[in-house]
file protein15.txt (compact mmCIF, C-alpha atoms)
# COMPACT_ATOMS: atom_id res chain seq x y z
CA MET A 20 34.30 30.54 -64.79
CA LYS A 21 31.78 33.24 -64.00
CA THR A 22 28.62 32.43 -62.09
CA ILE A 23 25.52 34.53 -61.59
CA ILE A 24 23.49 34.14 -58.43
CA THR A 25 20.13 35.86 -58.15
CA SER A 26 19.86 37.90 -55.01
CA THR A 27 17.31 40.08 -53.25
CA GLY A 28 19.86 42.71 -52.26
CA ASN A 29 23.31 43.97 -53.08
CA GLN A 30 25.05 42.59 -50.03
CA LEU A 31 26.76 39.27 -49.42
CA ASN A 32 24.35 38.58 -46.58
CA SER A 33 21.31 39.21 -48.77
CA ILE A 34 18.87 36.37 -49.17
CA PHE A 35 19.04 34.39 -52.37
CA ASP A 36 16.21 35.27 -54.82
CA LEU A 37 14.13 32.39 -56.15
CA ARG A 38 13.07 34.36 -59.21
CA PHE A 39 15.25 34.77 -62.24
CA GLY A 40 13.85 37.47 -64.56
CA ARG A 41 12.52 39.53 -61.71
CA ALA A 42 15.25 39.03 -59.17
CA GLY A 43 16.32 42.21 -57.40
CA TRP A 44 20.05 41.94 -57.99
CA PHE A 45 22.52 39.66 -59.67
CA CYS A 46 25.68 38.62 -57.96
CA LEU A 47 28.50 37.94 -60.39
CA TYR A 48 31.11 35.65 -58.96
CA ASP A 49 34.32 34.77 -60.75
CA ASP A 50 35.85 31.62 -59.29
CA GLN A 51 39.24 32.23 -60.86
CA SER A 52 39.89 35.69 -59.48
CA GLY A 53 37.47 35.39 -56.57
CA GLU A 54 35.92 38.69 -57.56
CA ILE A 55 32.36 39.37 -56.48
CA SER A 56 30.21 42.17 -57.84
CA PHE A 57 26.54 43.05 -57.73
CA ILE A 58 24.51 44.25 -60.68
CA GLU A 59 21.03 45.71 -60.34
CA ASN A 60 18.25 44.14 -62.38
CA GLU A 61 16.76 46.74 -64.70
CA ASN A 62 13.95 44.46 -65.86
CA ILE A 63 12.38 43.95 -62.47
CA ASN A 64 9.29 46.01 -63.27
CA SER A 65 8.99 45.29 -66.97
CA GLN A 66 5.61 44.05 -68.12
CA SER A 67 6.88 41.14 -70.13
CA GLY A 68 10.06 39.60 -71.41
CA ALA A 69 11.93 40.02 -68.14
CA GLY A 70 13.37 36.52 -68.52
CA THR A 71 14.64 37.00 -72.06
CA LYS A 72 16.13 40.40 -71.26
CA THR A 73 17.84 38.94 -68.26
CA VAL A 74 19.31 36.14 -70.36
CA GLU A 75 20.75 38.81 -72.68
CA LYS A 76 22.32 40.46 -69.65
CA VAL A 77 23.78 37.14 -68.50
CA VAL A 78 25.32 36.54 -71.93
CA GLU A 79 26.68 40.09 -71.97
CA LEU A 80 28.35 39.55 -68.60
CA GLY A 81 29.93 36.37 -69.89
CA ALA A 82 28.60 34.06 -67.20
CA GLN A 83 28.46 30.34 -67.88
CA LYS A 84 26.39 29.32 -64.90
CA VAL A 85 23.25 30.79 -63.37
CA ILE A 86 21.96 29.86 -59.95
CA SER A 87 18.33 30.71 -59.27
CA GLY A 88 15.10 29.26 -57.94
CA ASP A 89 13.44 28.63 -61.26
CA PHE A 90 13.48 29.75 -64.86
CA GLY A 91 10.58 30.48 -67.16
CA PRO A 92 10.15 28.51 -70.39
CA LYS A 93 11.59 31.24 -72.62
CA ALA A 94 14.57 31.85 -70.38
CA LYS A 95 15.24 28.11 -70.19
CA GLU A 96 15.20 27.74 -73.94
CA LEU A 97 17.52 30.69 -74.45
CA LEU A 98 19.97 29.67 -71.76
CA GLU A 99 20.10 26.23 -73.28
CA LYS A 100 20.86 27.74 -76.67
CA PHE A 101 23.75 29.74 -75.25
CA ASN A 102 25.07 26.67 -73.40
CA ILE A 103 24.71 28.32 -70.04
CA GLN A 104 24.28 25.96 -67.14
CA MET A 105 21.15 26.41 -65.05
CA VAL A 106 21.20 25.47 -61.40
CA LEU A 107 17.94 25.41 -59.48
CA LEU A 108 18.01 25.68 -55.72
CA GLN A 109 14.82 25.43 -53.69
CA ASP A 110 16.39 26.63 -50.48
CA ASP A 111 14.83 30.03 -49.86
CA ASN A 112 16.66 30.95 -46.69
CA SER A 113 20.27 30.80 -47.69
CA THR A 114 22.29 33.92 -48.33
CA VAL A 115 24.48 34.69 -51.30
CA GLN A 116 27.53 34.24 -49.09
CA HIS A 117 26.33 30.77 -48.16
CA ILE A 118 25.97 29.77 -51.81
CA ILE A 119 29.39 31.12 -52.74
CA ASP A 120 30.91 29.20 -49.83
CA LYS A 121 29.31 26.04 -51.17
CA LEU A 122 30.68 26.78 -54.63
CA LYS A 123 34.18 27.07 -53.24
CA SER A 124 34.01 23.81 -51.31
CA MET B 23 2.32 22.77 -44.52
CA PRO B 24 1.16 20.92 -47.62
CA ARG B 25 3.67 18.99 -49.59
CA LYS B 26 5.36 20.81 -52.44
CA ILE B 27 3.95 20.06 -55.87
CA ARG B 28 6.29 17.77 -57.70
CA LEU B 29 7.29 18.99 -61.10
CA ARG B 30 5.61 17.24 -63.98
CA LYS B 31 7.70 16.34 -66.96
CA VAL B 32 6.64 17.85 -70.24
CA VAL B 33 8.30 16.67 -73.44
CA GLU B 34 7.46 19.71 -75.47
CA PRO B 35 5.62 22.88 -74.61
CA PRO B 36 2.47 23.52 -76.65
CA ARG B 37 3.14 25.13 -80.00
CA PHE B 38 0.60 27.87 -79.40
CA LYS B 39 0.06 30.51 -76.79
CA GLY B 40 -3.66 30.06 -76.68
CA TYR B 41 -6.96 29.79 -78.49
CA ARG B 42 -9.56 32.47 -78.96
CA PRO B 43 -13.22 32.01 -79.90
CA PHE B 44 -14.45 33.89 -82.93
CA GLY B 45 -17.92 35.10 -83.77
CA VAL B 46 -18.57 36.22 -80.23
CA ASN B 47 -18.87 39.79 -79.16
CA SER B 48 -16.87 39.73 -76.00
CA LYS B 49 -15.48 43.05 -74.95
CA SER B 50 -14.60 41.69 -71.57
CA ARG B 51 -12.43 38.94 -72.89
CA LYS B 52 -11.99 36.48 -70.10
CA SER B 53 -9.53 33.67 -70.35
CA ILE B 54 -8.78 30.33 -68.79
CA ASP B 55 -5.25 29.32 -67.96
CA LEU B 56 -4.31 25.89 -69.24
CA LEU B 57 -1.15 24.65 -67.56
CA TYR B 58 1.57 22.95 -69.60
CA GLU B 59 1.15 19.72 -67.67
CA GLU B 60 -2.57 19.74 -68.42
CA TYR B 61 -1.87 20.17 -72.08
CA GLU B 62 0.68 17.38 -71.90
CA ALA B 63 -1.75 15.07 -70.09
CA LEU B 64 -4.43 15.68 -72.69
CA LYS B 65 -1.95 15.11 -75.50
CA LEU B 66 -0.59 11.87 -74.07
CA ALA B 67 -4.00 10.41 -73.30
CA ASP B 68 -6.11 11.60 -76.22
CA TYR B 69 -3.67 12.28 -79.00
CA ASP B 70 -0.92 9.73 -78.44
CA LEU B 71 -3.60 7.37 -77.07
CA LEU B 72 -1.50 6.11 -74.21
CA LYS B 73 -2.91 4.33 -71.21
CA HIS B 74 -3.10 6.60 -68.17
CA ASP B 75 -0.58 4.37 -66.46
CA GLU B 76 2.02 4.78 -69.18
CA ALA B 77 1.35 8.47 -69.55
CA ALA B 78 1.78 8.98 -65.81
CA GLY B 79 5.11 7.17 -66.01
CA LEU B 80 6.28 9.46 -68.79
CA MET B 81 5.39 12.54 -66.80
CA GLY B 82 7.02 11.24 -63.66
CA ILE B 83 3.85 11.31 -61.56
CA SER B 84 1.48 8.70 -60.15
CA ARG B 85 -1.54 7.48 -62.07
CA PRO B 86 -4.08 9.12 -59.72
CA THR B 87 -2.25 12.44 -60.05
CA PHE B 88 -2.24 12.04 -63.79
CA ALA B 89 -5.98 11.40 -63.74
CA ARG B 90 -6.51 14.58 -61.72
CA ILE B 91 -4.47 16.70 -64.08
CA TYR B 92 -6.20 15.15 -67.09
CA GLU B 93 -9.62 15.80 -65.62
CA SER B 94 -8.73 19.38 -64.81
CA ALA B 95 -7.55 19.85 -68.41
CA ARG B 96 -10.80 18.48 -69.82
CA ARG B 97 -12.90 20.59 -67.51
CA LYS B 98 -10.99 23.74 -68.36
CA ILE B 99 -11.34 23.16 -72.09
CA ALA B 100 -15.03 22.34 -71.73
CA ALA B 101 -15.57 25.48 -69.67
CA ALA B 102 -13.73 27.55 -72.27
CA LEU B 103 -15.86 26.16 -75.09
CA VAL B 104 -19.18 26.56 -73.32
CA GLU B 105 -18.48 29.98 -71.88
CA ALA B 106 -16.71 31.17 -75.06
CA LYS B 107 -13.57 32.07 -73.21
CA GLU B 108 -10.03 32.28 -74.43
CA ILE B 109 -7.60 29.52 -73.54
CA ARG B 110 -4.14 30.66 -72.59
CA THR B 111 -1.30 28.29 -71.90
CA VAL B 112 0.80 29.01 -68.85
CA PHE B 113 3.84 27.26 -67.54
CA GLY B 114 2.41 25.72 -64.39
CA ASN B 115 4.40 23.11 -62.50
CA ALA B 116 6.19 21.68 -65.47
CA VAL B 117 9.76 20.83 -66.21
CA MET B 118 10.99 20.25 -69.74
CA ASP B 119 11.99 16.73 -70.54
CA LYS B 120 15.65 17.36 -71.12
CA ASN B 121 18.53 16.10 -69.14
CA TRP B 122 18.14 17.41 -65.63
CA TYR B 123 20.28 16.20 -62.81
CA LEU B 124 19.78 16.21 -59.09
CA CYS B 125 22.53 16.49 -56.51
CA SER B 126 21.78 14.18 -53.62
CA LYS B 127 23.89 16.27 -51.24
CA CYS B 128 22.41 19.73 -51.66
CA ASN B 129 19.24 18.96 -53.69
CA ALA B 130 20.21 21.35 -56.45
CA ARG B 131 18.69 20.63 -59.83
CA PHE B 132 20.76 21.48 -62.87
CA ASN B 133 21.47 20.70 -66.48
CA ILE B 134 24.84 20.07 -68.08
CA PRO B 135 25.28 21.93 -71.38
CA GLU B 136 27.11 20.16 -74.19
CA THR B 137 30.12 22.40 -73.83
CA MET B 138 30.70 21.18 -70.28
CA ASP B 139 31.74 17.72 -69.33
CA LYS B 140 32.04 18.00 -65.60
CA GLU B 141 30.23 15.28 -63.74
CA THR B 142 30.01 17.15 -60.47
CA CYS B 143 27.31 19.22 -58.85
CA PRO B 144 27.73 22.88 -59.90
CA ALA B 145 26.55 24.14 -56.53
CA CYS B 146 28.58 22.08 -54.07
CA ASN B 147 31.02 20.06 -56.24
CA SER B 148 29.67 16.81 -54.88
CA LYS B 149 30.03 13.78 -57.14
CA HIS B 150 26.74 12.25 -56.04
CA ILE B 151 24.49 13.35 -58.83
CA GLU B 152 21.71 11.48 -60.57
CA LEU B 153 19.64 11.95 -63.68
CA ILE B 154 16.05 12.78 -62.76
CA ASN B 155 14.30 12.09 -66.01
CA LYS B 156 14.33 8.39 -66.57

call {"tool": "encode", "arguments": {"input": "protein15.txt", "output": "structure tokens"}}
result
Amino acid sequence: MKTIITSTGNQLNSIFDLRFGRAGWFCLYDDQSGEISFIENENINSQSGAGTKTVEKVVELGAQKVISGDFGPKAKELLEKFNIQMVLLQDDNSTVQHIIDKLKS
Amino acid sequence: MPRKIRLRKVVEPPRFKGYRPFGVNSKSRKSIDLLYEEYEALKLADYDLLKHDEAAGLMGISRPTFARIYESARRKIAAALVEAKEIRTVFGNAVMDKNWYLCSKCNARFNIPETMDKETCPACNSKHIELINK
């Protein structure tokens, strides 16, 4: 299963991003193959609809789980429609590596 | 450090994005932000005619907090009417009243879509999860 983690940078030691639509990068983690890749967020500076565009991206990437700090109402609705699991973490100091380690445990 | 604002449960977001006065010549269109929880408080108390106690229970907050939110909603709407301002609804500190779970090990909040039937925390695989909306 593929998981997307919002991140502030494109490194494993980057801090986890609490925003969803305007997160800096997305970390795509595949727990079957263990593959990890980073995708830049193109909607970071868009005026509106960053959340919905990001959901489209998530669907395109085939992820079934998104880990972020919070989701806007539109993004929530859409993710729900696509049966993508939303995971909200309030911990703003952990790194992407830390979250992936927790996923593996 | 003040305490974090607890999320208020909202059954349904408002069906509009806002209200705009007509018949006023306002080039500098100012607006007032009405939070979802304020809308919900107003709806529960004045439309569904619930007692503040019951309404507070539904939103998962204490009665005094409910009263504060309700008062803020009324004041905002009154201000908008008197000053002929637009009302815009914004998300605020709300959480939709769907099935949200909380992991007691890592405090992650998550939902479980229908296509999944795993009863474990998606962030740390702990089995100690609980439903937050009662």

call {"tool": "closest_atom_pairs", "arguments": {"input": "protein15.txt", "of": "chain A", "to": "chain B", "cutoff": "6 Å", "atoms": "all atoms listed in the file", "output": "CSV"}}
result
residue,atom,partner,partner_atom,distance
A:Asn102,CA,B:Pro135,CA,5.2
A:Gln104,CA,B:Pro135,CA,5.9
A:Met105,CA,B:Phe132,CA,5.4
A:Val106,CA,B:Phe132,CA,4.3
A:Leu107,CA,B:Arg131,CA,4.9
A:Leu108,CA,B:Ala130,CA,4.9
A:Lys121,CA,B:Cys146,CA,5.0
A:Leu122,CA,B:Cys146,CA,5.2

call {"tool": "atom_distance", "arguments": {"input": "protein15.txt", "atom1": "atom CA of B:Lys26", "atom2": "atom CA of A:Ala94"}}
result
23.0 Å

call {"tool": "atom_distance", "arguments": {"input": "protein15.txt", "atom1": "atom CA of A:Ile24", "atom2": "atom CA of A:Gly40"}}
result
11.9 Å

call {"tool": "atom_distance", "arguments": {"input": "protein15.txt", "atom1": "atom CA of A:Thr71", "atom2": "atom CA of A:Gln51"}}
result
27.4 Å

call {"tool": "residues_near_point", "arguments": {"input": "protein15.txt", "point": "(17.2, 43.4, -63.0)", "cutoff": "9 Å", "atoms": "all atoms listed in the file", "output": "VMD selection string"}}
result
chain A and resid 39 to 45 58 to 64 69 72 to 73 76

call {"tool": "residues_around", "arguments": {"input": "protein15.txt", "residues": "B:Arg42", "least_positions_apart": "6", "cutoff": "9 Å", "atoms": "only C-alpha atoms", "output": "ChimeraX atom specification"}}
result
/B:53,106-110

call {"tool": "residues_around", "arguments": {"input": "protein15.txt", "residues": "stretch 81-90 of chain B", "least_positions_apart": "6", "cutoff": "6 Å", "atoms": "all atoms listed in the file", "output": "PyMOL selection string"}}
result
chain B and resi 30-31+75

call {"tool": "residues_around", "arguments": {"input": "protein15.txt", "residues": "A:Asn32", "least_positions_apart": "6", "cutoff": "10 Å", "atoms": "only C-alpha atoms", "output": "PyMOL selection string"}}
result
chain A and resi 26+113-117

call {"tool": "closest_residue", "arguments": {"input": "protein15.txt", "among": "A:Gln109, A:Lys21, A:Lys100, A:Gln83", "to": "A:Ser52", "atoms": "all atoms listed in the file"}}
result
A:Lys21

call {"tool": "closest_residue", "arguments": {"input": "protein15.txt", "among": "A:Tyr48, A:Phe35, A:Leu97, A:Gly28", "to": "A:Lys123", "atoms": "only C-alpha atoms"}}
result
A:Tyr48
